[in-house]
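Q: Below is the structure I would like to discuss, written out as structure tokens.
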Number of protein chains: 4
Amino acid sequence: MSYNLLKGKRGVIFGALNEMSIAWKVAERAVEEGAVITLTNTPMAVRMGTINDLAEKLKTEVIPCDATSVEDLTTVFERSQELLGGKIDFVLHSIGMSPNVRKKRTYDDLDYDMLSKTLDISAVSFHKMIQCAKKLDAINEYGSIVALSYVASQRTFFGYNDMADAKSLLESIARSFGYIYGRERNVRINTVSQSPTQTTAGSGVKGMDHLMDFSDKMSPLGNANADECADYCITLFSDLTRKVTMQNLFHDGGFSSMGMSLRAMNQYSKGIEEFIDENGKIIYG
Amino acid sequence: MSYNLLKGKRGVIFGALNEMSIAWKVAERAVEEGAVITLTNTPMAVRMGTINDLAEKLKTEVIPCDATSVEDLTTVFERSQELLGGKIDFVLHSIGMSPNVRKKRTYDDLDYDMLSKTLDISAVSFHKMIQCAKKLDAINEYGSIVALSYVASQRTFFGYNDMADAKSLLESIARSFGYIYGRERNVRINTVSQSPTQTTAGSGVKGMDHLMDFSDKMSPLGNANADECADYCITLFSDLTRKVTMQNLFHDGGFSSMGMSLRAMNQYSKGIEEFIDENGKIIYG
Amino acid sequence: MSYNLLKGKRGVIFGALNEMSIAWKVAERAVEEGAVITLTNTPMAVRMGTINDLAEKLKTEVIPCDATSVEDLTTVFERSQELLGGKIDFVLHSIGMSPNVRKKRTYDDLDYDMLSKTLDISAVSFHKMIQCAKKLDAINEYGSIVALSYVASQRTFFGYNDMADAKSLLESIARSFGYIYGRERNVRINTVSQSPTQTTAGSGVKGMDHLMDFSDKMSPLGNANADECADYCITLFSDLTRKVTMQNLFHDGGFSSMGMSLRAMNQYSKGIEEFIDENGKIIYG
Amino acid sequence: MSYNLLKGKRGVIFGALNEMSIAWKVAERAVEEGAVITLTNTPMAVRMGTINDLAEKLKTEVIPCDATSVEDLTTVFERSQELLGGKIDFVLHSIGMSPNVRKKRTYDDLDYDMLSKTLDISAVSFHKMIQCAKKLDAINEYGSIVALSYVASQRTFFGYNDMADAKSLLESIARSFGYIYGRERNVRINTVSQSPTQTTAGSGVKGMDHLMDFSDKMSPLGNANADECADYCITLFSDLTRKVTMQNLFHDGGFSSMGMSLRAMNQYSKGIEEFIDENGKIIYG
């Protein structure tokens, strides 16, 4: 279903790997909604994933780019403007990686070169991307920039490790640059704090299944999936949200506002017995 | 411009008084986007305002209702379903009033009957509205309920008085009921924390002009107006935001994430001199 | 152990019922730290509990008071000043009760007279107490006022019901009045958001044991108990925290900043297996 | 005045430069309260400041240390334990520096090597310090670690630049490590978000005077000064706050909970006229 919400708009989507990626879904939905886009990911991701198939399907091009390289980012914005025929209206940053997590370094045994890489890849890349776009004056007035985050930026989840710190930094960059770019060009910058999502990135994390189950049972609407996240991003790229900026927006079925749900507590306490009254009726809150 | 975002949906809009009202704009935009709606306000507001003109323009009906009366609320949801031909998909709560503010009682000299009224009209009415709708099973699965709030719920603004407490209570009710209604019927409930807006309600407040100026200069995108708020509400009523619930969403040009902007500080410090370097260039952050 | 942190100070403690009460512990610790105090609770609580024993032990008096009555509150502050020989330096509000919870009304079937009572007893009483004290000029400059809250004010816990809304309102009142009283008399007002605590009030709640277990396993330092809460309140009454105001301070072993701990997840997932690596070593975050 | 709150405790204080430093005041107060401590700062700060005078006065030693060097940090904790005769009970991190601010690089023209230094010096140093202490098992059970932060971590202040992002990262590290160290050794980790303070570090910032004036007028209790901050830190190092962890604690006279005060608005609107009623009485909120 299409509403033509992004008709005539041009976008750049960072971070699609394969069809499980949120960035992949956003790219598809953006085109459905009338936008033209370019895709980008690291040369290695381009080889290992199937982003070229997506580019073909969406009749666009993949511009290889290491998002920690200002030079590569410059190329992305220059080439995107050429290809799409004008300034960019929206950008998605869906990039995150922690060498410490990959190498199973625990949080009290971090390697600091790796931490530096985690921060550079997962957060500072967002600043570089925006600074680069601004220097090139590549974003249209009233443009919209979105990065994907996770609630671990604000509350600690065991095992999320230094990615939590990277997400905090990412959300701070959205605020700091949101002020500057908003003031000068009415460009808005937000982060979307998404439910844990079954993607290639997510699927490697140990205990991820249990966490997703907990998150799902805690959330009154259940976990938000990648398709729903794409729908939400579309609203943030559209002209209907022009005054929303510097926000971290939870797209998580309500998880972030929950302390404990009945469903999660039932699983936790291994039995629903205590929550049934003398007549066998479930006692809701 | 219409995207047909609400095609086939039915809505109930509480709180339109005249064409300055946010609720008025939301009603207009909802119809533009393909919805059918009913309007409601207190009998007195119906007499004093021009809501009947809006009803005529939108080819609908005004159902008079004191939102603190469960009986009246029942009538609204019953009559709305009859008129619109089915269950309701979205509801807007734009209701707030403080007798203490009107009577110029300061916060350290509150009249407690009046405080009770402030809370009942401005916050408990939201609970009554939802409980009433739920008991009637008047809301469709995946429906969306929105109430308008203000940042004073979280930070103190002199003169906002007991309305700040009412807005805190309102936001809490959105969370508490968002859990229940989400869990059982996938209905989402959110509050929109809007910039100070030039409405009939707002225009009576002393010092309102200065506050709006401050708010505008603090916000990188400037204050959000009523039309923009209506646009934003449309996205929250649409199917593109189905997993957003229990949130207080700032629609405020960035105000809520600002500590101090250059523009506001220039006004505050009565001169831009100190923020110009030796070459006369403005020093931005 | 005493540090004489409250030497020469006068306090009023609302809400001690029996020796499980947090207010009871605060009263004891305050006297240990050199303060003189008065105690107060409702006439019914005075009869049902053992507060008179505490008064005897602390060589003070119980002043019966319905905290929703301005007249009774006036008596408390007048009598306390007489008894203690001067203006009051610190006040504890430890009062909360929901008729809806007692009568097992669920949140989507609230009785509105009962809701009104919940709000009046658990939150508006705090405003009345402060307004009354201020009108009597009963609080010394640099005095400190504390109310006890719970994280349910900000995140939804099933079963906590309309007490969540009351706690939101309570925290808002602390901010709103903290501004006024701070500005005029340097009196600070804060809320302490305490771990779930095994008190007479808490012990009636169904599923309370499981919630306390979850909370304990989520919190890196475990749940804070009533004695520890009393210690913390002492610091807030002391002269060492004179610039802390309008805050909601979590005293909860870290719960509020946790998303998921290993211990809680182990219980949730009914087994630690998946969090042990190939060598049987526990994998920490 | 001393309460002996830290009697028998051992502490390490990072970041005292001269007698304007908050760390200087904390060191003095800690000793007054019965603690023994060591001092540390970079070799350059040791030369440029007067920390040696403080060491002499407090009968202790300065251990030079670049807080970005794990080797130096190891030396600090080893030497401190030797000097003080046992494991450490409390640590203060008062370290922050942005080469981008010093070199007047604006936020949309950051040098990324400098950003890396800002993050490393102002935030990652906190992780290194804690990881190093934990590996050496240098902190006693129930120890307390505090870092100084600023509200710019959460809301944007023009001119604060990449220090805002560093403070966000710092606060996240406090949470992430607070979970690990709390779980394993009951060590608590918090950040204190302090009012803008007239220190050598602060005094170089352009427009700092105006910001301090705004902050002071916004805060009902006025800005908190360095002495008051030291008092507050003492409570956090004491045994009375053992269950407070993973928190960012505002010590700011109420600033963080204010949206707009009458005093600040009067300055902003250049005249109190509008806030006086017909009888010349000031109209408070």
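Going by the structure tokens order, chains are called A, B, ..., each with residues numbered from 1, while ligands are numbered from 1 in the order shown.
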Tell me which protein, DNA and RNA residues are within 12 Å of B:Ser80, counting only C-alpha atoms, leaving out same-chain ones fewer than 5 positions away, and put them as a ChimeraX atom specification.

A: /B:10-14,36-40,60-64,73-75,85-91,133,136,138-139

Q: Can you list, as an mmCIF file with N, CA, C and O atoms, in the first residue's frame, all residues belonging to stretch 124-192 of chain C that DSSP tags as helix (DSSP H, G or I)?

A:
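Dumped everything to selection.cif:
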```cif
data_model
loop_
_atom_site.group_PDB
_atom_site.id
_atom_site.type_symbol
_atom_site.label_atom_id
_atom_site.label_comp_id
_atom_site.auth_asym_id
_atom_site.auth_seq_id
_atom_site.Cartn_x
_atom_site.Cartn_y
_atom_site.Cartn_z
ATOM 1 N N VAL C 124 -2.344 14.645 46.560
ATOM 2 C CA VAL C 124 -2.771 16.012 46.896
ATOM 3 C C VAL C 124 -2.457 16.329 48.361
ATOM 4 O O VAL C 124 -2.169 17.473 48.706
ATOM 5 N N SER C 125 -2.464 15.302 49.209
ATOM 6 C CA SER C 125 -2.089 15.501 50.617
ATOM 7 C C SER C 125 -0.696 16.133 50.725
ATOM 8 O O SER C 125 -0.417 16.890 51.653
ATOM 9 N N PHE C 126 0.174 15.827 49.781
ATOM 10 C CA PHE C 126 1.527 16.395 49.797
ATOM 11 C C PHE C 126 1.456 17.902 49.530
ATOM 12 O O PHE C 126 2.136 18.692 50.191
ATOM 13 N N HIS C 127 0.613 18.280 48.579
ATOM 14 C CA HIS C 127 0.440 19.704 48.313
ATOM 15 C C HIS C 127 -0.161 20.404 49.534
ATOM 16 O O HIS C 127 0.316 21.468 49.958
ATOM 17 N N LYS C 128 -1.179 19.802 50.086
ATOM 18 C CA LYS C 128 -1.837 20.409 51.255
ATOM 19 C C LYS C 128 -0.853 20.598 52.407
ATOM 20 O O LYS C 128 -0.831 21.637 53.078
ATOM 21 N N MET C 129 -0.063 19.581 52.641
ATOM 22 C CA MET C 129 0.933 19.631 53.712
ATOM 23 C C MET C 129 1.900 20.802 53.513
ATOM 24 O O MET C 129 2.182 21.564 54.442
ATOM 25 N N ILE C 130 2.369 20.958 52.288
ATOM 26 C CA ILE C 130 3.360 21.999 52.022
ATOM 27 C C ILE C 130 2.705 23.376 52.053
ATOM 28 O O ILE C 130 3.230 24.325 52.634
ATOM 29 N N GLN C 131 1.539 23.486 51.395
ATOM 30 C CA GLN C 131 0.854 24.786 51.377
ATOM 31 C C GLN C 131 0.525 25.241 52.803
ATOM 32 O O GLN C 131 0.697 26.410 53.165
ATOM 33 N N CYS C 132 0.080 24.269 53.591
ATOM 34 C CA CYS C 132 -0.276 24.563 54.975
ATOM 35 C C CYS C 132 0.965 25.028 55.757
ATOM 36 O O CYS C 132 0.943 26.053 56.446
ATOM 37 N N ALA C 133 2.061 24.302 55.604
ATOM 38 C CA ALA C 133 3.300 24.667 56.297
ATOM 39 C C ALA C 133 3.776 26.041 55.855
ATOM 40 O O ALA C 133 4.222 26.859 56.666
ATOM 41 N N LYS C 134 3.669 26.311 54.569
ATOM 42 C CA LYS C 134 4.141 27.595 54.049
ATOM 43 C C LYS C 134 3.284 28.748 54.559
ATOM 44 O O LYS C 134 3.806 29.816 54.914
ATOM 45 N N LYS C 135 1.980 28.527 54.594
ATOM 46 C CA LYS C 135 1.109 29.601 55.085
ATOM 47 C C LYS C 135 1.387 29.906 56.555
ATOM 48 O O LYS C 135 1.274 31.045 56.996
ATOM 49 N N VAL C 151 8.947 3.717 41.254
ATOM 50 C CA VAL C 151 9.245 3.821 39.824
ATOM 51 C C VAL C 151 8.002 3.630 38.949
ATOM 52 O O VAL C 151 7.993 4.026 37.771
ATOM 53 N N ALA C 152 6.934 3.079 39.504
ATOM 54 C CA ALA C 152 5.693 2.919 38.734
ATOM 55 C C ALA C 152 5.130 4.262 38.274
ATOM 56 O O ALA C 152 4.288 4.316 37.379
ATOM 57 N N SER C 153 5.592 5.342 38.875
ATOM 58 C CA SER C 153 5.192 6.668 38.398
ATOM 59 C C SER C 153 5.652 6.924 36.970
ATOM 60 O O SER C 153 5.094 7.761 36.275
ATOM 61 N N ASP C 162 -4.085 2.515 39.904
ATOM 62 C CA ASP C 162 -4.143 3.979 39.959
ATOM 63 C C ASP C 162 -3.121 4.573 40.928
ATOM 64 O O ASP C 162 -2.928 5.795 40.947
ATOM 65 N N MET C 163 -2.420 3.733 41.693
ATOM 66 C CA MET C 163 -1.323 4.258 42.506
ATOM 67 C C MET C 163 -0.207 4.802 41.620
ATOM 68 O O MET C 163 0.525 5.715 42.016
ATOM 69 N N ALA C 164 -0.030 4.242 40.423
ATOM 70 C CA ALA C 164 0.979 4.752 39.489
ATOM 71 C C ALA C 164 0.671 6.205 39.138
ATOM 72 O O ALA C 164 1.561 7.066 39.147
ATOM 73 N N ASP C 165 -0.584 6.464 38.839
ATOM 74 C CA ASP C 165 -0.974 7.833 38.491
ATOM 75 C C ASP C 165 -0.808 8.765 39.687
ATOM 76 O O ASP C 165 -0.378 9.904 39.544
ATOM 77 N N ALA C 166 -1.144 8.259 40.878
ATOM 78 C CA ALA C 166 -0.984 9.079 42.086
ATOM 79 C C ALA C 166 0.491 9.433 42.298
ATOM 80 O O ALA C 166 0.823 10.563 42.671
ATOM 81 N N LYS C 167 1.377 8.478 42.057
ATOM 82 C CA LYS C 167 2.807 8.746 42.255
ATOM 83 C C LYS C 167 3.327 9.746 41.205
ATOM 84 O O LYS C 167 4.187 10.582 41.513
ATOM 85 N N SER C 168 2.821 9.678 39.982
ATOM 86 C CA SER C 168 3.191 10.688 38.974
ATOM 87 C C SER C 168 2.779 12.069 39.439
ATOM 88 O O SER C 168 3.531 13.041 39.308
ATOM 89 N N LEU C 169 1.579 12.141 39.955
ATOM 90 C CA LEU C 169 1.068 13.422 40.446
ATOM 91 C C LEU C 169 1.912 13.904 41.632
ATOM 92 O O LEU C 169 2.279 15.084 41.713
ATOM 93 N N LEU C 170 2.251 12.998 42.506
ATOM 94 C CA LEU C 170 3.090 13.328 43.661
ATOM 95 C C LEU C 170 4.430 13.922 43.215
ATOM 96 O O LEU C 170 4.882 14.949 43.744
ATOM 97 N N GLU C 171 5.064 13.274 42.246
ATOM 98 C CA GLU C 171 6.373 13.761 41.784
ATOM 99 C C GLU C 171 6.249 15.119 41.108
ATOM 100 O O GLU C 171 7.153 15.951 41.196
ATOM 101 N N SER C 172 5.143 15.331 40.426
ATOM 102 C CA SER C 172 4.929 16.636 39.800
ATOM 103 C C SER C 172 4.738 17.727 40.859
ATOM 104 O O SER C 172 5.263 18.832 40.720
ATOM 105 N N ILE C 173 4.010 17.409 41.888
ATOM 106 C CA ILE C 173 3.805 18.380 42.975
ATOM 107 C C ILE C 173 5.148 18.748 43.620
ATOM 108 O O ILE C 173 5.399 19.915 43.939
ATOM 109 N N ALA C 174 6.014 17.764 43.771
ATOM 110 C CA ALA C 174 7.346 18.050 44.331
ATOM 111 C C ALA C 174 8.092 19.063 43.471
ATOM 112 O O ALA C 174 8.722 19.983 43.983
ATOM 113 N N ARG C 175 8.001 18.887 42.151
ATOM 114 C CA ARG C 175 8.663 19.851 41.261
ATOM 115 C C ARG C 175 7.999 21.220 41.345
ATOM 116 O O ARG C 175 8.669 22.237 41.516
ATOM 117 N N SER C 176 6.682 21.237 41.192
ATOM 118 C CA SER C 176 5.964 22.520 41.131
ATOM 119 C C SER C 176 6.166 23.333 42.412
ATOM 120 O O SER C 176 6.446 24.527 42.364
ATOM 121 N N PHE C 177 6.022 22.674 43.537
ATOM 122 C CA PHE C 177 6.162 23.398 44.802
ATOM 123 C C PHE C 177 7.637 23.615 45.144
ATOM 124 O O PHE C 177 7.999 24.581 45.828
ATOM 125 N N GLY C 178 8.487 22.732 44.666
ATOM 126 C CA GLY C 178 9.927 22.907 44.871
ATOM 127 C C GLY C 178 10.411 24.225 44.276
ATOM 128 O O GLY C 178 11.267 24.907 44.852
ATOM 129 N N TYR C 179 9.846 24.577 43.131
ATOM 130 C CA TYR C 179 10.201 25.863 42.530
ATOM 131 C C TYR C 179 9.786 27.021 43.441
ATOM 132 O O TYR C 179 10.599 27.891 43.784
ATOM 133 N N ILE C 180 8.527 27.003 43.850
ATOM 134 C CA ILE C 180 7.986 28.116 44.651
ATOM 135 C C ILE C 180 8.699 28.239 46.003
ATOM 136 O O ILE C 180 9.135 29.314 46.406
ATOM 137 N N TYR C 181 8.794 27.127 46.692
ATOM 138 C CA TYR C 181 9.320 27.177 48.060
ATOM 139 C C TYR C 181 10.842 27.387 48.050
ATOM 140 O O TYR C 181 11.410 27.993 48.973
ATOM 141 N N GLY C 182 11.480 26.910 47.004
ATOM 142 C CA GLY C 182 12.919 27.122 46.864
ATOM 143 C C GLY C 182 13.223 28.591 46.627
ATOM 144 O O GLY C 182 14.073 29.194 47.291
ATOM 145 N N ARG C 183 12.496 29.140 45.687
ATOM 146 C CA ARG C 183 12.682 30.543 45.309
ATOM 147 C C ARG C 183 12.484 31.478 46.492
ATOM 148 O O ARG C 183 13.183 32.468 46.654
ATOM 149 N N GLU C 184 11.502 31.147 47.326
ATOM 150 C CA GLU C 184 11.135 32.106 48.370
ATOM 151 C C GLU C 184 11.812 31.862 49.713
ATOM 152 O O GLU C 184 12.034 32.796 50.462
ATOM 153 N N ARG C 185 12.104 30.598 50.004
ATOM 154 C CA ARG C 185 12.636 30.311 51.337
ATOM 155 C C ARG C 185 13.776 29.311 51.319
ATOM 156 O O ARG C 185 14.144 28.767 52.362
#
```

Q: What's the 6 Å shell around C:Ala224, counting only C-alpha atoms, without same-chain residues fewer than 2 positions away, as a ChimeraX atom specification?

A: /C:195,252-253 /D:243

Q: Taking only C-alpha atoms into account, which of B:Asp108, B:Glu82, B:Asp113, B:Asp239 comes nearest chain D?

A: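 For chain D, the nearest of the candidates is B:Asp108.
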
Q: Write out as a list in words the set of residues from stretch 111-161 of chain B that DSSP, computed on the backbone, places in strand (DSSP E).

A: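 Here are the strand (DSSP E) residues of stretch 111-161 of chain B: Ile139, Asn140, Glu141, Tyr142, Gly143, Ser144, Ile145, Val146, Ala147, Leu148, Ser149, Thr156 and Phe157 of chain B.
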
Q: Which residues of chain B are close to chain D, meaning at most 9 Å apart when you count only C-alpha atoms, and how do they look as a ChimeraX atom specification?

A: /B:104-108,151-152,154-161,206-207,210-211,214,256-262,264-265,267-270,274-275,283-285

Q: For B:Asp231, which residue among B:Tyr150, B:Asn18, B:Arg29, B:Pro43 is the nearest when counting only C-alpha atoms?

A: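 Ranking B:Tyr150, B:Asn18, B:Arg29, B:Pro43 by distance to B:Asp231, first place goes to B:Arg29.
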
Q: So, with only C-alpha atoms as the atoms that count, which of D:Ala23, D:Pro220, D:Ser193, D:Leu5 lies closest to D:Leu54?

A: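 For D:Leu54, the nearest of the candidates is D:Ala23.
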
Q: Kindly give the distance, in Å, that separates atom CA of B:Leu119 and atom CA of B:Gln247, rounded to a single decimal.

A: 20.3 Å

Q: For D:Thr50, work out the shell of residues within 9 Å, counting only C-alpha atoms and skipping chain neighbours fewer than 4 positions away, then give it as a list in words.

A: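 Returned residues: Ala16, Leu17, Asn18, Glu19, Ala45, Val46 and Leu54 of chain D.
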
Q: Kindly export the residues of the current selection with all heavy atoms, as a PDB file, in the first residue's frame.

A:
```
ATOM      1  N   ALA D  16      42.113  17.639  40.651  1.00  0.00           N
ATOM      2  CA  ALA D  16      42.293  18.933  41.305  1.00  0.00           C
ATOM      3  C   ALA D  16      43.418  19.703  40.608  1.00  0.00           C
ATOM      4  O   ALA D  16      44.499  19.164  40.367  1.00  0.00           O
ATOM      5  CB  ALA D  16      42.627  18.737  42.781  1.00  0.00           C
ATOM      6  N   LEU D  17      43.148  20.952  40.265  1.00  0.00           N
ATOM      7  CA  LEU D  17      44.168  21.782  39.629  1.00  0.00           C
ATOM      8  C   LEU D  17      44.610  22.875  40.602  1.00  0.00           C
ATOM      9  O   LEU D  17      45.776  22.991  40.943  1.00  0.00           O
ATOM     10  CB  LEU D  17      43.599  22.428  38.360  1.00  0.00           C
ATOM     11  CG  LEU D  17      44.559  23.384  37.636  1.00  0.00           C
ATOM     12  CD1 LEU D  17      45.702  22.621  36.996  1.00  0.00           C
ATOM     13  CD2 LEU D  17      43.800  24.203  36.592  1.00  0.00           C
ATOM     14  N   ASN D  18      43.631  23.661  41.051  1.00  0.00           N
ATOM     15  CA  ASN D  18      43.927  24.715  42.021  1.00  0.00           C
ATOM     16  C   ASN D  18      42.727  24.887  42.951  1.00  0.00           C
ATOM     17  O   ASN D  18      41.759  24.136  42.851  1.00  0.00           O
ATOM     18  CB  ASN D  18      44.289  26.025  41.319  1.00  0.00           C
ATOM     19  CG  ASN D  18      43.168  26.487  40.404  1.00  0.00           C
ATOM     20  OD1 ASN D  18      41.997  26.250  40.680  1.00  0.00           O
ATOM     21  ND2 ASN D  18      43.533  27.126  39.313  1.00  0.00           N
ATOM     22  N   GLU D  19      42.755  25.883  43.784  1.00  0.00           N
ATOM     23  CA  GLU D  19      41.723  25.938  44.830  1.00  0.00           C
ATOM     24  C   GLU D  19      40.330  26.287  44.308  1.00  0.00           C
ATOM     25  O   GLU D  19      39.360  26.250  45.061  1.00  0.00           O
ATOM     26  CB  GLU D  19      42.145  26.905  45.952  1.00  0.00           C
ATOM     27  CG  GLU D  19      42.340  28.320  45.481  1.00  0.00           C
ATOM     28  CD  GLU D  19      42.873  29.227  46.606  1.00  0.00           C
ATOM     29  OE1 GLU D  19      43.064  28.742  47.730  1.00  0.00           O
ATOM     30  OE2 GLU D  19      43.096  30.427  46.336  1.00  0.00           O
ATOM     31  N   ALA D  45      49.304  19.470  34.483  1.00  0.00           N
ATOM     32  CA  ALA D  45      48.433  20.139  35.459  1.00  0.00           C
ATOM     33  C   ALA D  45      49.154  20.282  36.792  1.00  0.00           C
ATOM     34  O   ALA D  45      48.981  21.278  37.497  1.00  0.00           O
ATOM     35  CB  ALA D  45      47.133  19.351  35.628  1.00  0.00           C
ATOM     36  N   VAL D  46      49.960  19.287  37.142  1.00  0.00           N
ATOM     37  CA  VAL D  46      50.716  19.365  38.400  1.00  0.00           C
ATOM     38  C   VAL D  46      51.658  20.571  38.369  1.00  0.00           C
ATOM     39  O   VAL D  46      51.768  21.318  39.345  1.00  0.00           O
ATOM     40  CB  VAL D  46      51.491  18.057  38.656  1.00  0.00           C
ATOM     41  CG1 VAL D  46      52.407  18.199  39.874  1.00  0.00           C
ATOM     42  CG2 VAL D  46      50.525  16.887  38.843  1.00  0.00           C
ATOM     43  N   LEU D  54      48.110  21.576  47.960  1.00  0.00           N
ATOM     44  CA  LEU D  54      46.990  20.850  48.561  1.00  0.00           C
ATOM     45  C   LEU D  54      47.489  19.556  49.206  1.00  0.00           C
ATOM     46  O   LEU D  54      47.100  19.212  50.329  1.00  0.00           O
ATOM     47  CB  LEU D  54      45.925  20.537  47.498  1.00  0.00           C
ATOM     48  CG  LEU D  54      44.708  19.769  47.993  1.00  0.00           C
ATOM     49  CD1 LEU D  54      43.900  20.578  49.000  1.00  0.00           C
ATOM     50  CD2 LEU D  54      43.812  19.350  46.821  1.00  0.00           C
TER      51      LEU D  54
END
```

Q: Could you pull the residues within 9 Å of B:Val192, counting only C-alpha atoms, minus those fewer than 3 positions along the same chain, as number ranges by chain?

A: B: 146-150, 229, 232-233, 247-251

Q: For A:Ala55, which of A:Tyr112, A:Tyr142, A:Trp24, A:Phe77 is the closest residue, counting only C-alpha atoms?

A: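 Selected residue with least distance to A:Ala55: A:Trp24.
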
Q: Skipping near chain neighbours, those fewer than 2 positions away, what residues fall within 9 Å of stretch 116-118 of chain B using only C-alpha atoms, listed as a list in words?

A: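 Near stretch 116-118 of chain B, the qualifying residues are Gly96, Met97, Ser98, Pro99, Asn100, Asp111, Tyr112, Asp113, Met114, Asp120, Ile121, Ser122, Ala123, Asp162, Met163 and Ala166 of chain B; Ser116 and Asp120 of chain C.
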
Q: Could the residues in this selection be saved with N, CA and C atoms as a compact mmCIF listing (two decimals), in the first residue's frame?

A:
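So again29.txt came out as:
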```
# COMPACT_ATOMS: atom_id res chain seq x y z
N GLY B 96 -8.43 20.91 28.54
CA GLY B 96 -7.68 21.30 29.73
C GLY B 96 -8.21 22.61 30.27
N MET B 97 -8.33 22.69 31.56
CA MET B 97 -8.82 23.94 32.16
C MET B 97 -8.51 23.92 33.65
N SER B 98 -8.03 25.06 34.15
CA SER B 98 -7.74 25.18 35.57
C SER B 98 -8.51 26.35 36.17
N PRO B 99 -9.50 26.07 37.02
CA PRO B 99 -10.17 27.17 37.72
C PRO B 99 -9.20 27.98 38.57
N ASN B 100 -8.18 27.35 39.13
CA ASN B 100 -7.21 28.09 39.92
C ASN B 100 -6.48 29.14 39.08
N ASP B 111 -6.99 26.59 45.76
CA ASP B 111 -8.26 26.14 46.32
C ASP B 111 -8.40 24.66 45.94
N TYR B 112 -8.67 23.81 46.94
CA TYR B 112 -8.60 22.37 46.65
C TYR B 112 -9.81 21.83 45.91
N ASP B 113 -10.94 22.49 46.01
CA ASP B 113 -12.05 22.09 45.15
C ASP B 113 -11.72 22.41 43.70
N MET B 114 -11.08 23.55 43.52
CA MET B 114 -10.68 23.93 42.16
C MET B 114 -9.60 22.98 41.64
N ASP B 120 -9.77 16.75 37.32
CA ASP B 120 -10.88 15.98 36.75
C ASP B 120 -11.11 16.34 35.28
N ILE B 121 -11.11 17.64 35.00
CA ILE B 121 -11.36 18.10 33.62
C ILE B 121 -10.17 17.78 32.71
N SER B 122 -8.96 18.03 33.19
CA SER B 122 -7.79 18.03 32.31
C SER B 122 -7.11 16.67 32.22
N ALA B 123 -7.37 15.78 33.18
CA ALA B 123 -6.64 14.51 33.17
C ALA B 123 -7.55 13.31 33.38
N ASP B 162 -1.28 24.62 38.57
CA ASP B 162 -1.72 23.23 38.75
C ASP B 162 -1.99 22.52 37.42
N MET B 163 -1.95 23.24 36.30
CA MET B 163 -2.05 22.57 35.01
C MET B 163 -0.84 21.66 34.78
N ALA B 166 -1.69 18.48 36.37
CA ALA B 166 -2.73 17.80 35.58
C ALA B 166 -2.10 17.12 34.36
N SER C 116 -10.56 9.43 42.98
CA SER C 116 -10.44 10.74 43.59
C SER C 116 -9.80 10.62 44.98
N ASP C 120 -6.25 12.05 46.24
CA ASP C 120 -6.30 12.99 47.35
C ASP C 120 -5.39 12.52 48.50
```

Q: Report, in Å to a single decimal, how far apart atom CA of D:Ser238 and atom CA of C:Met1 are.

A: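 Here the two named atoms are 12.6 Å from each other.
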